[in-house]
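Trainee: The structure file final_27.cif (mmCIF, C-alpha atoms) is provided below.
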data_my_file
#
loop_
_atom_site.label_atom_id
_atom_site.label_comp_id
_atom_site.auth_asym_id
_atom_site.auth_seq_id
_atom_site.Cartn_x
_atom_site.Cartn_y
_atom_site.Cartn_z
CA MET A 1 -31.24 -19.06 -35.67
CA PRO A 2 -28.10 -21.16 -36.06
CA GLN A 3 -27.62 -21.05 -32.27
CA PHE A 4 -30.47 -23.51 -31.81
CA ASP A 5 -29.27 -25.97 -34.45
CA PRO A 6 -28.03 -28.96 -32.42
CA SER A 7 -25.93 -30.32 -35.27
CA SER A 8 -23.11 -27.90 -34.46
CA PHE A 9 -23.29 -28.42 -30.69
CA SER A 10 -20.89 -31.33 -30.47
CA SER A 11 -18.08 -29.69 -32.40
CA GLN A 12 -18.50 -26.40 -30.52
CA ALA A 13 -18.55 -28.19 -27.17
CA PHE A 14 -15.50 -30.27 -28.10
CA TRP A 15 -13.42 -27.30 -29.26
CA LEU A 16 -14.59 -25.13 -26.38
CA ILE A 17 -13.35 -27.70 -23.88
CA VAL A 18 -10.07 -28.22 -25.77
CA MET A 19 -9.41 -24.49 -26.13
CA PHE A 20 -10.46 -23.67 -22.61
CA VAL A 21 -8.25 -26.37 -21.10
CA VAL A 22 -5.32 -25.24 -23.26
CA LEU A 23 -5.85 -21.63 -22.22
CA TYR A 24 -6.20 -22.66 -18.58
CA LEU A 25 -2.90 -24.53 -18.72
CA LEU A 26 -1.14 -21.67 -20.53
CA MET A 27 -2.45 -19.17 -17.98
CA SER A 28 -1.81 -21.18 -14.83
CA LYS A 29 1.59 -22.55 -15.89
CA ILE A 30 3.12 -19.69 -17.88
CA ALA A 31 1.35 -16.33 -17.97
CA LEU A 32 0.04 -15.90 -14.42
CA PRO A 33 3.22 -16.96 -12.56
CA ARG A 34 5.17 -14.44 -14.62
CA ILE A 35 2.82 -11.57 -13.85
CA ALA A 36 2.63 -12.60 -10.19
CA GLU A 37 6.41 -12.71 -10.03
CA VAL A 38 6.80 -9.22 -11.50
CA LEU A 39 4.12 -7.80 -9.19
CA GLU A 40 5.68 -9.51 -6.20
CA GLU A 41 9.13 -8.24 -7.16
CA ARG A 42 7.76 -4.72 -7.35
CA GLN A 43 6.00 -5.07 -4.01
CA ASP A 44 9.19 -6.44 -2.47
CA LYS A 45 11.18 -3.56 -3.92
CA ILE A 46 8.70 -1.04 -2.54
CA ASP A 47 8.68 -2.71 0.88
CA ASP A 48 12.44 -2.88 0.80
CA ASP A 49 12.77 0.80 -0.07
CA LEU A 50 10.29 1.72 2.64
CA ALA A 51 12.22 -0.33 5.17
CA LYS A 52 15.45 1.29 4.05
CA ALA A 53 13.95 4.75 4.36
CA GLU A 54 12.65 3.87 7.80
CA LYS A 55 16.10 2.63 8.82
CA LEU A 56 17.79 5.79 7.51
CA LYS A 57 15.27 7.91 9.36
CA THR A 58 15.95 6.07 12.60
CA GLU A 59 19.67 6.46 12.03
CA ALA A 60 19.30 10.18 11.37
CA GLU A 61 17.23 10.53 14.53
CA GLN A 62 19.89 8.67 16.46
CA VAL A 63 22.62 10.94 15.08
CA LEU A 64 20.54 13.97 15.99
CA ALA A 65 20.02 12.65 19.50
CA GLU A 66 23.74 11.98 19.83
CA TYR A 67 24.55 15.45 18.61
CA GLU A 68 22.13 17.02 21.05
CA LYS A 69 23.56 14.92 23.85
CA ALA A 70 27.10 16.01 22.89
CA ILE A 71 26.05 19.66 22.95
CA ALA A 72 24.36 19.24 26.31
CA ASP A 73 27.45 17.47 27.64
CA ALA A 74 29.74 20.20 26.37
CA ARG A 75 27.51 22.84 27.87
CA SER A 76 27.39 21.15 31.26
CA SER A 77 31.14 20.51 31.29
CA ALA A 78 31.76 24.15 30.35
CA THR A 79 29.52 25.25 33.23
CA ALA A 80 31.37 22.91 35.56
CA ALA A 81 34.76 24.22 34.42
CA LEU A 82 33.56 27.77 34.85
CA LYS A 83 32.31 27.02 38.36
CA GLU A 84 35.56 25.30 39.27
CA ALA A 85 37.65 28.18 37.97
CA ALA A 86 35.52 30.65 39.90
CA ALA A 87 35.91 28.60 43.09
CA GLU A 88 39.67 28.34 42.57
CA MET A 89 39.98 32.05 42.04
CA ALA A 90 37.88 32.77 45.13
CA ALA A 91 40.05 30.43 47.21
CA GLU A 92 43.25 32.08 45.94
CA ALA A 93 41.87 35.54 46.69
CA ALA A 94 40.87 34.47 50.20
CA LYS A 95 44.31 32.98 50.78
CA ARG A 96 46.07 36.11 49.58
CA GLU A 97 43.82 38.33 51.64
CA GLU A 98 44.55 36.28 54.72
CA ALA A 99 48.31 36.43 54.11
CA PHE A 100 48.09 40.16 53.55
CA GLY A 101 46.07 40.54 56.75
CA VAL A 102 48.71 38.65 58.72
CA GLU A 103 51.49 40.72 57.22
CA LEU A 104 49.58 43.90 57.91
CA ALA A 105 48.92 42.90 61.52
CA GLY A 106 52.67 42.25 61.97
CA LYS A 107 53.53 45.63 60.58
CA ILE A 108 50.90 47.30 62.75
CA SER A 109 52.13 45.70 65.95
CA GLU A 110 55.76 46.55 65.01
CA ALA A 111 54.78 50.12 64.40
CA GLU A 112 52.84 50.24 67.65
CA GLY A 113 55.97 48.92 69.44
CA ARG A 114 58.06 51.64 67.86
CA ILE A 115 55.54 54.27 68.84
CA ALA A 116 55.53 53.04 72.44
CA THR A 117 59.35 53.12 72.58
CA ALA A 118 59.43 56.59 71.13
CA ARG A 119 56.83 57.75 73.60
CA ASN A 120 58.79 56.29 76.51
CA GLU A 121 61.94 57.90 75.25
CA ALA A 122 60.15 61.18 74.88
CA LEU A 123 58.72 60.94 78.37
CA GLN A 124 62.17 60.12 79.70
CA ASN A 125 63.61 63.18 77.98
CA LEU A 126 60.66 65.18 79.26
CA THR A 127 61.56 64.31 82.85
CA VAL A 128 65.16 65.36 82.30
CA VAL A 129 64.12 68.59 80.62
CA ALA A 130 61.51 69.29 83.30
CA THR A 131 64.12 68.72 86.03
CA GLU A 132 66.53 71.09 84.35
CA VAL A 133 63.78 73.65 83.77
CA THR A 134 62.61 73.36 87.37
CA ALA A 135 66.22 73.76 88.70
CA ALA A 136 66.78 76.77 86.52
CA ALA A 137 63.41 78.28 87.43
CA THR A 138 63.92 77.86 91.17
CA ASP A 139 67.38 79.38 90.81
CA ARG A 140 66.05 82.37 88.97
CA LEU A 141 62.94 82.94 91.00
CA ILE A 142 64.02 82.31 94.53
CA GLY A 143 67.76 81.94 94.08
CA ALA A 144 67.89 78.61 95.77
CA LYS A 145 70.25 76.16 94.33
CA LEU A 146 68.56 72.81 94.78
CA ASP A 147 70.37 69.61 94.22
CA ASP A 148 69.34 67.42 91.37
CA ALA A 149 67.85 64.64 93.51
CA THR A 150 65.39 66.95 95.24
CA VAL A 151 64.30 68.57 92.02
CA ARG A 152 63.92 65.24 90.45
CA LYS A 153 61.73 63.99 93.21
CA ALA A 154 59.53 67.05 93.04
CA VAL A 155 59.15 66.76 89.29
CA ASP A 156 58.34 63.11 89.58
CA ASP A 157 55.74 63.85 92.24
CA ALA A 158 54.16 66.54 90.08
CA MET A 159 54.05 64.42 86.94
CA GLY A 160 52.93 61.31 88.69
CA ASP A 161 54.33 58.04 87.82
CA PRO A 162 55.80 58.44 84.33
CA SER A 163 56.03 54.84 83.45
CA MET B 1 -35.70 -10.97 -44.11
CA ALA B 2 -36.29 -14.68 -44.39
CA ALA B 3 -33.80 -17.10 -42.87
CA GLY B 4 -32.90 -18.58 -46.24
CA GLU B 5 -31.97 -15.27 -47.83
CA LYS B 6 -28.36 -14.49 -48.50
CA HIS B 7 -27.77 -11.55 -46.18
CA SER B 8 -29.79 -12.45 -43.13
CA PRO B 9 -28.65 -10.71 -39.92
CA VAL B 10 -28.29 -14.11 -38.27
CA ASP B 11 -26.05 -15.55 -41.00
CA GLN B 12 -23.07 -14.32 -39.02
CA PHE B 13 -23.81 -16.91 -36.36
CA LYS B 14 -23.69 -19.85 -38.78
CA VAL B 15 -21.16 -22.48 -37.79
CA THR B 16 -19.40 -24.01 -40.76
CA SER B 17 -16.61 -26.54 -40.93
CA LEU B 18 -13.51 -24.88 -42.34
CA SER B 19 -12.48 -28.01 -44.21
CA GLY B 20 -15.86 -27.95 -45.98
CA GLU B 21 -16.95 -31.35 -44.69
CA PRO B 22 -17.60 -32.56 -41.14
CA THR B 23 -14.84 -34.37 -39.26
CA SER B 24 -15.99 -37.15 -36.96
CA PHE B 25 -14.23 -38.69 -34.02
CA GLY B 26 -15.79 -41.77 -32.46
CA GLY B 27 -19.09 -40.97 -34.11
CA ILE B 28 -19.15 -37.40 -32.76
CA ASP B 29 -18.82 -34.39 -35.02
CA VAL B 30 -15.66 -32.53 -34.01
CA SER B 31 -15.17 -30.42 -37.16
CA PHE B 32 -12.80 -27.50 -36.85
CA THR B 33 -15.26 -24.70 -37.56
CA ASN B 34 -15.17 -20.92 -37.75
CA SER B 35 -16.18 -21.00 -34.09
CA SER B 36 -13.17 -23.18 -33.26
CA ALA B 37 -10.96 -20.84 -35.27
CA ALA B 38 -12.22 -17.83 -33.28
CA MET B 39 -11.51 -19.74 -30.08
CA LEU B 40 -8.01 -20.58 -31.28
CA VAL B 41 -7.34 -16.95 -32.22
CA THR B 42 -8.63 -15.90 -28.79
CA VAL B 43 -6.37 -18.36 -26.98
CA LEU B 44 -3.36 -17.32 -29.07
CA THR B 45 -4.08 -13.59 -28.65
CA ILE B 46 -4.43 -13.86 -24.88
CA THR B 47 -1.29 -15.94 -24.53
CA LEU B 48 0.83 -13.80 -26.83
CA PHE B 49 -0.50 -10.61 -25.24
CA LEU B 50 0.30 -11.72 -21.71
CA VAL B 51 3.61 -13.37 -22.48
CA PHE B 52 5.02 -10.65 -24.71
CA SER B 53 3.78 -7.72 -22.65
CA MET B 54 5.41 -9.20 -19.56
CA ARG B 55 8.65 -10.05 -21.34
CA GLY B 56 10.43 -6.91 -20.13
CA ARG B 57 9.58 -7.70 -16.48
CA ALA B 58 10.05 -3.98 -15.91
CA LEU B 59 9.90 -2.57 -12.42
CA ILE B 60 8.08 0.43 -13.87
CA PRO B 61 5.69 -1.08 -16.41
CA GLY B 62 5.28 0.21 -19.95
CA ARG B 63 1.91 0.44 -21.71
CA TRP B 64 1.59 -3.22 -22.67
CA GLN B 65 2.84 -4.47 -19.34
CA SER B 66 0.41 -2.15 -17.56
CA CYS B 67 -2.46 -3.62 -19.59
CA ALA B 68 -1.47 -7.16 -18.65
CA GLU B 69 -1.04 -6.20 -15.01
CA ILE B 70 -4.41 -4.42 -14.99
CA CYS B 71 -6.11 -7.58 -16.32
CA TYR B 72 -4.41 -9.57 -13.58
CA GLU B 73 -5.31 -7.12 -10.86
CA ILE B 74 -8.93 -6.66 -11.94
CA VAL B 75 -9.54 -10.39 -11.56
CA ALA B 76 -7.37 -10.69 -8.44
CA ASN B 77 -9.23 -7.84 -6.72
CA MET B 78 -12.60 -9.18 -7.83
CA LEU B 79 -11.77 -12.56 -6.36
CA ARG B 80 -10.31 -11.12 -3.16
CA ASP B 81 -13.21 -8.72 -2.56
CA ASN B 82 -15.90 -11.31 -3.24
CA VAL B 83 -14.39 -14.58 -2.07
CA GLY B 84 -11.50 -13.64 0.22
CA SER B 85 -8.23 -15.48 0.66
CA GLU B 86 -9.83 -18.92 0.20
CA GLY B 87 -10.47 -17.97 -3.42
CA ARG B 88 -6.78 -17.82 -4.30
CA LYS B 89 -6.60 -21.37 -5.62
CA TYR B 90 -9.45 -20.70 -8.05
CA PHE B 91 -7.70 -17.62 -9.42
CA PRO B 92 -6.28 -19.26 -12.58
CA PHE B 93 -9.71 -20.62 -13.47
CA VAL B 94 -11.52 -17.32 -12.86
CA PHE B 95 -8.81 -15.45 -14.74
CA THR B 96 -9.09 -17.86 -17.68
CA ILE B 97 -12.89 -17.39 -17.73
CA PHE B 98 -12.52 -13.60 -17.71
CA MET B 99 -9.87 -13.42 -20.44
CA PHE B 100 -11.58 -16.05 -22.62
CA VAL B 101 -14.93 -14.25 -22.54
CA LEU B 102 -13.42 -10.75 -22.79
CA PHE B 103 -11.17 -11.54 -25.75
CA GLY B 104 -13.85 -13.73 -27.35
CA ASN B 105 -16.26 -10.78 -27.23
CA PHE B 106 -13.66 -8.32 -28.52
CA ILE B 107 -12.43 -10.55 -31.35
CA GLY B 108 -16.06 -11.16 -32.31
CA LEU B 109 -16.44 -7.42 -32.87
CA ILE B 110 -13.87 -7.47 -35.67
CA PRO B 111 -15.94 -7.30 -38.88
CA GLY B 112 -16.15 -10.67 -40.61
CA SER B 113 -14.98 -12.65 -37.62
CA PHE B 114 -17.02 -14.99 -35.44
CA THR B 115 -18.32 -14.46 -31.91
CA PHE B 116 -18.26 -17.83 -30.16
CA THR B 117 -19.85 -16.27 -27.03
CA SER B 118 -22.99 -15.61 -29.10
CA HIS B 119 -23.73 -19.34 -29.07
CA ILE B 120 -25.86 -20.64 -26.26
CA ILE B 121 -24.08 -23.99 -26.22
CA VAL B 122 -20.73 -22.30 -25.51
CA THR B 123 -22.00 -19.99 -22.78
CA PHE B 124 -24.11 -22.78 -21.30
CA ILE B 125 -21.20 -25.21 -21.06
CA MET B 126 -19.11 -22.55 -19.30
CA ALA B 127 -21.98 -21.70 -16.95
CA ALA B 128 -22.67 -25.38 -16.30
CA VAL B 129 -19.03 -26.06 -15.47
CA ILE B 130 -19.08 -23.14 -13.05
CA PHE B 131 -22.38 -24.28 -11.53
CA VAL B 132 -21.29 -27.89 -11.08
CA GLY B 133 -17.86 -26.84 -9.82
CA VAL B 134 -19.32 -24.40 -7.30
CA THR B 135 -21.84 -26.99 -6.07
CA VAL B 136 -19.09 -29.60 -5.68
CA ILE B 137 -16.95 -27.08 -3.75
CA GLY B 138 -19.93 -26.25 -1.56
CA PHE B 139 -20.64 -29.87 -0.66
CA ALA B 140 -16.95 -30.63 -0.21
CA ARG B 141 -16.55 -27.79 2.30
CA HIS B 142 -19.83 -28.04 4.18
CA GLY B 143 -21.03 -31.60 3.55
CA LEU B 144 -24.77 -31.92 3.91
CA GLY B 145 -24.75 -28.55 5.69
CA TYR B 146 -24.61 -27.03 2.23
CA PHE B 147 -28.36 -27.70 2.01
CA ARG B 148 -28.79 -24.82 4.48
CA MET B 149 -28.06 -22.64 1.43
CA PHE B 150 -31.74 -23.09 0.55
CA PHE B 151 -33.04 -21.75 3.84
CA PRO B 152 -31.96 -18.27 4.99
CA HIS B 153 -30.46 -18.25 8.45
CA GLY B 154 -32.78 -16.86 11.15
CA ALA B 155 -36.04 -17.13 9.21
CA PRO B 156 -39.03 -18.68 11.07
CA ALA B 157 -39.27 -22.43 10.47
CA TRP B 158 -42.71 -22.39 8.89
CA THR B 159 -41.49 -20.06 6.11
CA ALA B 160 -39.44 -22.99 4.81
CA VAL B 161 -42.46 -24.09 2.83
CA ILE B 162 -42.18 -20.95 0.71
CA LEU B 163 -38.50 -20.10 0.99
CA VAL B 164 -36.95 -23.46 0.19
CA PRO B 165 -38.60 -23.82 -3.23
CA ILE B 166 -37.78 -20.20 -4.07
CA GLU B 167 -34.14 -20.56 -3.05
CA LEU B 168 -33.91 -23.89 -4.86
CA VAL B 169 -35.29 -22.44 -8.08
CA SER B 170 -33.04 -19.39 -7.83
CA TYR B 171 -30.03 -21.65 -7.24
CA LEU B 172 -30.87 -23.95 -10.13
CA SER B 173 -31.57 -21.06 -12.48
CA ARG B 174 -28.05 -19.70 -11.97
CA PRO B 175 -26.44 -21.51 -14.93
CA VAL B 176 -29.38 -20.54 -17.14
CA SER B 177 -29.28 -16.86 -16.25
CA LEU B 178 -25.49 -16.76 -16.43
CA SER B 179 -25.35 -18.32 -19.88
CA VAL B 180 -28.43 -16.62 -21.37
CA ARG B 181 -27.27 -13.17 -20.21
CA LEU B 182 -23.98 -13.39 -22.11
CA PHE B 183 -25.48 -15.17 -25.11
CA ALA B 184 -28.40 -12.74 -25.49
CA ASN B 185 -26.26 -9.64 -25.12
CA MET B 186 -23.87 -10.82 -27.78
CA VAL B 187 -26.60 -11.93 -30.22
CA VAL B 188 -28.62 -8.74 -29.86
CA GLY B 189 -25.58 -6.50 -30.31
CA HIS B 190 -24.40 -8.27 -33.42
CA VAL B 191 -27.87 -8.50 -34.97
CA LEU B 192 -28.35 -4.79 -34.34
CA LEU B 193 -25.04 -4.00 -36.01
CA LYS B 194 -26.00 -6.11 -39.05
CA VAL B 195 -29.50 -4.65 -39.37
CA ILE B 196 -28.27 -1.08 -39.22
CA ALA B 197 -25.46 -1.92 -41.63
CA GLY B 198 -28.19 -3.15 -44.01
CA PHE B 199 -29.84 0.29 -43.81
CA VAL B 200 -26.56 2.00 -44.68
CA ILE B 201 -26.53 0.19 -48.05
CA ALA B 202 -30.27 0.45 -48.67
CA LEU B 203 -30.48 4.23 -48.06
CA GLY B 204 -27.72 5.14 -50.50
CA PHE B 205 -26.46 8.66 -49.84
CA PHE B 206 -28.65 9.06 -46.75
CA GLY B 207 -27.03 5.94 -45.42
CA ILE B 208 -24.61 8.28 -43.72
CA VAL B 209 -27.15 8.70 -40.91
CA PRO B 210 -27.31 5.01 -39.93
CA LEU B 211 -23.54 4.87 -40.53
CA ALA B 212 -23.01 7.49 -37.82
CA PHE B 213 -25.41 5.53 -35.66
CA LEU B 214 -23.41 2.40 -36.41
CA VAL B 215 -20.23 4.03 -35.13
CA GLY B 216 -21.94 4.81 -31.85
CA ILE B 217 -23.42 1.30 -31.58
CA THR B 218 -19.99 -0.21 -32.24
CA ALA B 219 -18.51 1.79 -29.38
CA LEU B 220 -21.43 0.66 -27.21
CA GLU B 221 -20.80 -2.95 -28.24
CA PHE B 222 -17.20 -2.66 -27.04
CA LEU B 223 -18.54 -1.51 -23.70
CA VAL B 224 -21.03 -4.37 -23.65
CA ALA B 225 -18.27 -6.85 -24.57
CA ALA B 226 -16.14 -5.75 -21.61
CA LEU B 227 -19.11 -5.39 -19.28
CA GLN B 228 -20.50 -8.85 -20.02
CA ALA B 229 -17.10 -10.44 -19.46
CA TYR B 230 -16.91 -8.56 -16.16
CA ILE B 231 -20.42 -9.61 -15.13
CA PHE B 232 -19.80 -13.22 -16.07
CA THR B 233 -16.64 -13.22 -13.95
CA ILE B 234 -18.05 -11.38 -10.97
CA LEU B 235 -21.05 -13.74 -10.85
CA THR B 236 -18.62 -16.64 -10.88
CA CYS B 237 -16.90 -15.01 -7.89
CA ILE B 238 -20.20 -14.48 -6.07
CA TYR B 239 -21.21 -18.12 -6.61
CA LEU B 240 -17.80 -19.17 -5.31
CA HIS B 241 -18.33 -16.97 -2.28
CA ASP B 242 -21.69 -18.60 -1.59
CA ALA B 243 -20.17 -22.05 -1.88
CA ILE B 244 -17.27 -21.23 0.45
CA HIS B 245 -18.92 -18.97 3.03
CA MET B 246 -22.64 -19.86 2.58
CA HIS B 247 -24.21 -16.38 2.31
#
Would you encode the structure as structure tokens?
Mentor:
Amino acid sequence: MPQFDPSSFSSQAFWLIVMFVVLYLLMSKIALPRIAEVLEERQDKIDDDLAKAEKLKTEAEQVLAEYEKAIADARSSATAALKEAAAEMAAEAAKREEAFGVELAGKISEAEGRIATARNEALQNLTVVATEVTAAATDRLIGAKLDDATVRKAVDDAMGDPS
Amino acid sequence: MAAGEKHSPVDQFKVTSLSGEPTSFGGIDVSFTNSSAAMLVTVLTITLFLVFSMRGRALIPGRWQSCAEICYEIVANMLRDNVGSEGRKYFPFVFTIFMFVLFGNFIGLIPGSFTFTSHIIVTFIMAAVIFVGVTVIGFARHGLGYFRMFFPHGAPAWTAVILVPIELVSYLSRPVSLSVRLFANMVVGHVLLKVIAGFVIALGFFGIVPLAFLVGITALEFLVAALQAYIFTILTCIYLHDAIHMH
């Protein structure tokens, strides 16, 4: 076999070392840095995109949180406004009711005053009428003409104290 | 067939000076032979392949760029898995070994070309460089502690009598097994191809049967070419691991 013929060993060894060293230099200085650079660039790009996506996601979550907060705020302020309006209306109604009550009480007492006056007047007239009736009745029944003062006294006695 | 006959299956391994006569340099024969030419073609092919396929520097690689990146990543992963991050500085060397053997094997499969990895001197020099390099790295990192390589940690002391010689022999046989494995695989494959090709001619019309067989063997040889390059490289990585981490 030619593999075991030592005469070709030196040239094969020489060219192997030359070629291998040349290839090593070409690989380590030119080819490998280029491939490494491209792979690194790609990895960087992927990492970058992932970071960007992560950032956008965080931003979106923030916006969502803000939106939810705004809605909650609006809801609570609406509730507060509603409560306030209800309280205001209740206060107004109470005030009006009170005023009406006062007015009503005034009218009632005025009316009561008028009624009392009218009653007094009526009682007064009743005394006069009763006196006249009594004078006329005594005149007709027993024919005695009594003077007004006597009749009056008798009527007053019979009716009790009018006032 | 006798060795002197014209179409011997081992004729394909004959190293001949391309200029027809030997060239000497300082008394040593350094003729540019068919073996040297195959090496040159291998170096040029690898360089052109890697440089031109990466020329686009595309973010999304095309076919050629993918091939170059796959070669890079196969070796990078092999080195990372077997050696770890300390292996990074040996990456260019391991990558050069892998590409040189892989493309040498492939180019040798082209009919009429020469397979320089089928020569024991070539595979042995590569294996010896790896062996010496790994041993130097081992002693540089661990000093005399590297001798503990030859005695498994935790074994009873008296077993040293048996274990140390065994470990020593297995360590020293590394360059032999590494080089002979590649050399033998290449020689056997190529001899087989030649022998069967001889049958194709000899059988005339019925030569179609060995021809079909030949097609299958050729496909198998491509597998062997890639596999042997892979094995050669992964063993280099494992030896590096042993030198750096000691088992």
Trainee: Give me, as a VMD selection string, the residues of chain B touching chain A, with the criterion being at most 6 Å (counting all atoms listed in the file).
Mentor: chain B and resid 14 29 to 31 36 43 51 57 59 92 96 119
Trainee: Report, in Å to a single decimal, how far apart CA of Gly189 (chain B) and CA of Val10 (chain B) are.
Mentor: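 According to the coordinates, CA of Val10 (chain B) and CA of Gly189 (chain B) are separated by 11.3 Å.
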Trainee: Can you spell out as a VMD selection string the set of residues that the PyMOL selection byres ((chain B and resi 90) around 12) selects in the structure I just provided?
Mentor: (chain A and resid 24 28) or (chain B and resid 75 to 76 78 to 80 83 to 89 91 to 97 130 133 to 134 137 233 236 to 237 240 to 241 244)
Trainee: In Å, how far is it from CA of Leu18 (chain B) to CA of Val195 (chain B)?
Mentor: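 Going from CA of Leu18 (chain B) over to CA of Val195 (chain B), I get 26.0 Å.
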Trainee: Taking only C-alpha atoms into account, name the residue in B:Ile162, B:Ala140, B:Val101, B:Val129 that is nearest to Pro175 (chain B).
Mentor: B:Val129
Trainee: Here's the selection I'm unsure about, the PyMOL selection byres ((chain A and resi 152) around 10); applied to the file above, which residues does it give, as a ChimeraX atom specification?
Mentor: /A:127-128,130-132,134-135,146-151,153-158
Trainee: Grab the CA of Gln228 (chain B) to CA of Asp242 (chain B) distance for me, in Å with one decimal place.
Mentor: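 We find that CA of Gln228 (chain B) and CA of Asp242 (chain B) lie 20.9 Å from each other.
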Trainee: Determine the nearest neighbour of Ile234 (chain B) from the options B:Thr23, B:Asn82, B:Ser8, B:Thr115, counting all atoms listed in the file.
Mentor: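 Of B:Thr23, B:Asn82, B:Ser8, B:Thr115, the one nearest Ile234 (chain B) is B:Asn82, counting all atoms listed in the file.
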Trainee: Skipping near chain neighbours, those fewer than 4 positions away, what residues fall within 12 Å of Gln12 (chain B) using all atoms listed in the file, listed as a PyMOL selection string?
Mentor: (chain A and resi 1-3) or (chain B and resi 3+6-8+16+34-35+108-116+118-119+186-187+189-195)
Trainee: Counting all atoms listed in the file, which of B:Ile107, B:Leu214, B:Leu227, B:Arg181 gets nearest to Ala197 (chain B)?
Mentor: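 Ranking B:Ile107, B:Leu214, B:Leu227, B:Arg181 by distance to Ala197 (chain B), first place goes to B:Leu214.
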Trainee: Quick check on the file I pasted: which residues fall under the PyMOL selection byres ((chain B and resi 63-68) around 6)? Write them as a list of chain:residue names.
Mentor: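 That expression, the PyMOL selection byres ((chain B and resi 63-68) around 6), corresponds here to B:Leu50, B:Ser53, B:Met54, B:Pro61, B:Gly62, B:Glu69, B:Ile70, B:Cys71.
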Trainee: Taking all atoms listed in the file into account, which of B:Ile208, B:Ala184, B:Ile231, B:Leu223 comes nearest Ile196 (chain B)?
Mentor: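 Distance minimum relative to Ile196 (chain B) lands on B:Ile208.
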Trainee: Using all atoms listed in the file for the distances, tell me which of B:Ile166, B:Tyr171, B:Phe106, B:Ala155 is nearest to Thr218 (chain B).
Mentor: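 Closest to Thr218 (chain B) of all the choices is B:Phe106.
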